[in-house]
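Please read the structure below before turning to the comments.
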Amino acid sequence: MEKMNDLRDLLKHEIEDLQSVEDQIIEALPKMIDKANNPDLKKALSEHLKVTEQHKVRLEKIMKNIGSDSEQSNGKKKGILGGIFGGGKHECKGMKGIIEEGEKIMGTDISPEALDAAIIASAQKVEHYEICGYGTARTFARQLGMEQIARQLEQTLNEEYAADDLLTNLAVMEVNEEAETPNRGSASASSTSRSAGRVKEKANREMEMEPVNAGRNRSSSRDETAKTNNQSTKPKSSGSPRSENGRSSSSSKKTVSKRT
Ligand SMILES: [Fe+2]
């Protein structure tokens with residue numbers, strides 16, 4: 001890999017990393033779908049596989065746009081894409097590790113109920129990695145004035161948030177409780193045996209406690225994004241990936257330097 005000099009080079013690197021991430025997820029999801037027992041979980045993962053395939057296509061378009069934008073707006077950079085990305089295909093080792101950890105637990109001696117909870121945990125680690133990557137790339141693109149690319153990245157980012165929310169709801173409303181008392185019967189029997197009030201109360205408590213999901217209203221964020229690309233989402237809770245990457249462009253430099 002050639003030397004990376006500036007934010008533009010870093011953005012290209014982030015996009016390439018995300019391309020590897022999406023490729024790996026497309027390969028891993030069918031195994032998770034196959035192993036999942038809860039029908040709602042199977043459905044959610046299957047739907048996310050389709051969305052992930054769209055993310056891959058979107059990234060390919062973004063990569064092409066970055067290439068042409070780079071050549072048009074900065075003559076001295078012409079040809080650098082070939083230098084950075086023309087070599088061997090980049091593999092995201094972070095995602096590889098997350099997927100391997102998930103596959104390891106799926107291969108252990110585990111009850112079907114606990115396996116579903118483990119699959120959700122693994123899928124959410126994947127989502128959080130993607131949220132971090134897409135949030136970072138979106139903020140880089142916005143900082144560089146690449147508004148169209150920033151919008152495309154934000155679209156995927158919001159879809160990753162939606163997937164993460166869906167998994168949280170599945171975990172809190174169904175799967176984690178089934179894993180608490182495995183072998184108690186079918187999912188529906190288990191669910192109907194407890195009061196709806198108790199489940200709702202627990203869901204609210206979990207959503208309040210969880211730093212990544214707590215207090216965020218993602219649909220309102222999408223609305224805010226639609227209004228302006230420079231006026232980003234306000235962080236709703238500290239510790240959230242959105243808090244780190246969803247700041248206004250005026251605080252982007254601080255965001256970059258704070259990220260670890
Ligand atoms: Fe994705």
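Convention: chains lettered A, B, ... in structure tokens order; per-chain residue numbering from 1; ligands numbered from 1 as shown.
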
Per residue of chain A within 9 Å of ligand 1, record the nearest atom pair and its distance in Å to one decimal, counting only C-alpha atoms and all ligand atoms, with rows in chain order and ascending residue number, as CSV.
residue,atom,partner,partner_atom_place_in_ligand_line,distance
A:Leu18,CA,ligand 1,1 (Fe),8.2
A:Val21,CA,ligand 1,1 (Fe),7.8
A:Glu22,CA,ligand 1,1 (Fe),5.7
A:Ile25,CA,ligand 1,1 (Fe),7.8
A:Ile26,CA,ligand 1,1 (Fe),9.0
A:His48,CA,ligand 1,1 (Fe),8.0
A:Leu49,CA,ligand 1,1 (Fe),8.5
A:Val51,CA,ligand 1,1 (Fe),6.9
A:Thr52,CA,ligand 1,1 (Fe),4.5
A:Glu53,CA,ligand 1,1 (Fe),7.8
A:Gln54,CA,ligand 1,1 (Fe),8.1
A:His55,CA,ligand 1,1 (Fe),5.3
A:Lys56,CA,ligand 1,1 (Fe),7.4
A:Val126,CA,ligand 1,1 (Fe),8.9
A:Glu127,CA,ligand 1,1 (Fe),7.5
A:Glu130,CA,ligand 1,1 (Fe),6.4
A:Ile131,CA,ligand 1,1 (Fe),8.6
A:Tyr134,CA,ligand 1,1 (Fe),8.8
A:Thr156,CA,ligand 1,1 (Fe),6.6
A:Leu157,CA,ligand 1,1 (Fe),7.9
A:Glu159,CA,ligand 1,1 (Fe),7.6
A:Glu160,CA,ligand 1,1 (Fe),6.0

Can those selected residues be exported to a file as a JSON list (two decimals), in the first residue's frame so that it contains C-alpha atoms?
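Produced file part28.json, reproduced below:
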[["chain", "number", "residue", "atom", "x", "y", "z"],
["A", 18, "LEU", "CA", -16.24, -1.62, 3.99],
["A", 21, "VAL", "CA", -16.75, -6.12, 5.33],
["A", 22, "GLU", "CA", -19.82, -6.48, 3.11],
["A", 25, "ILE", "CA", -21.01, -10.64, 5.72],
["A", 26, "ILE", "CA", -22.58, -11.91, 2.50],
["A", 48, "HIS", "CA", -30.57, -8.24, 6.00],
["A", 49, "LEU", "CA", -28.73, -10.45, 3.54],
["A", 51, "VAL", "CA", -29.97, -5.37, 2.10],
["A", 52, "THR", "CA", -26.27, -6.25, 2.44],
["A", 53, "GLU", "CA", -26.11, -7.19, -1.23],
["A", 54, "GLN", "CA", -27.46, -3.72, -2.03],
["A", 55, "HIS", "CA", -24.82, -2.20, 0.24],
["A", 56, "LYS", "CA", -22.13, -3.96, -1.76],
["A", 126, "VAL", "CA", -21.11, -7.03, 12.96],
["A", 127, "GLU", "CA", -23.67, -4.22, 12.78],
["A", 130, "GLU", "CA", -20.44, -1.41, 10.13],
["A", 131, "ILE", "CA", -22.08, 1.51, 11.91],
["A", 134, "TYR", "CA", -20.06, 3.87, 7.61],
["A", 156, "THR", "CA", -26.46, 2.57, 4.30],
["A", 157, "LEU", "CA", -25.62, 3.78, 7.81],
["A", 159, "GLU", "CA", -30.09, 0.79, 7.21],
["A", 160, "GLU", "CA", -27.44, -0.67, 9.51]]

All residues 9 Å or closer to Glu113 (chain A), only C-alpha atoms, same chain fewer than 6 positions away omitted, as an NGL selection string: :A and (37-38 or 175-183 or 187)

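If you measure from each of A:Ile119, A:Met95, A:Leu11, A:Ile62 to Ile33 (chain A) using only C-alpha atoms, the closest one turns out to be A:Ile119.
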
Å distance separating CA of Lys64 (chain A) from CA of Ser20 (chain A), one decimal place: 15.8 Å

Distance criterion (only C-alpha atoms): nearest to Gly107 (chain A) out of A:Leu10, A:Met32, A:Ala171, A:Ile66: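 Looking only at the distances to Gly107 (chain A), the closest residue turns out to be A:Met32.
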
Pick from A:Met63, A:Val57, A:Ile149, A:Ala36, whichever lies nearest to Ser111 (chain A) using only C-alpha atoms: A:Ala36
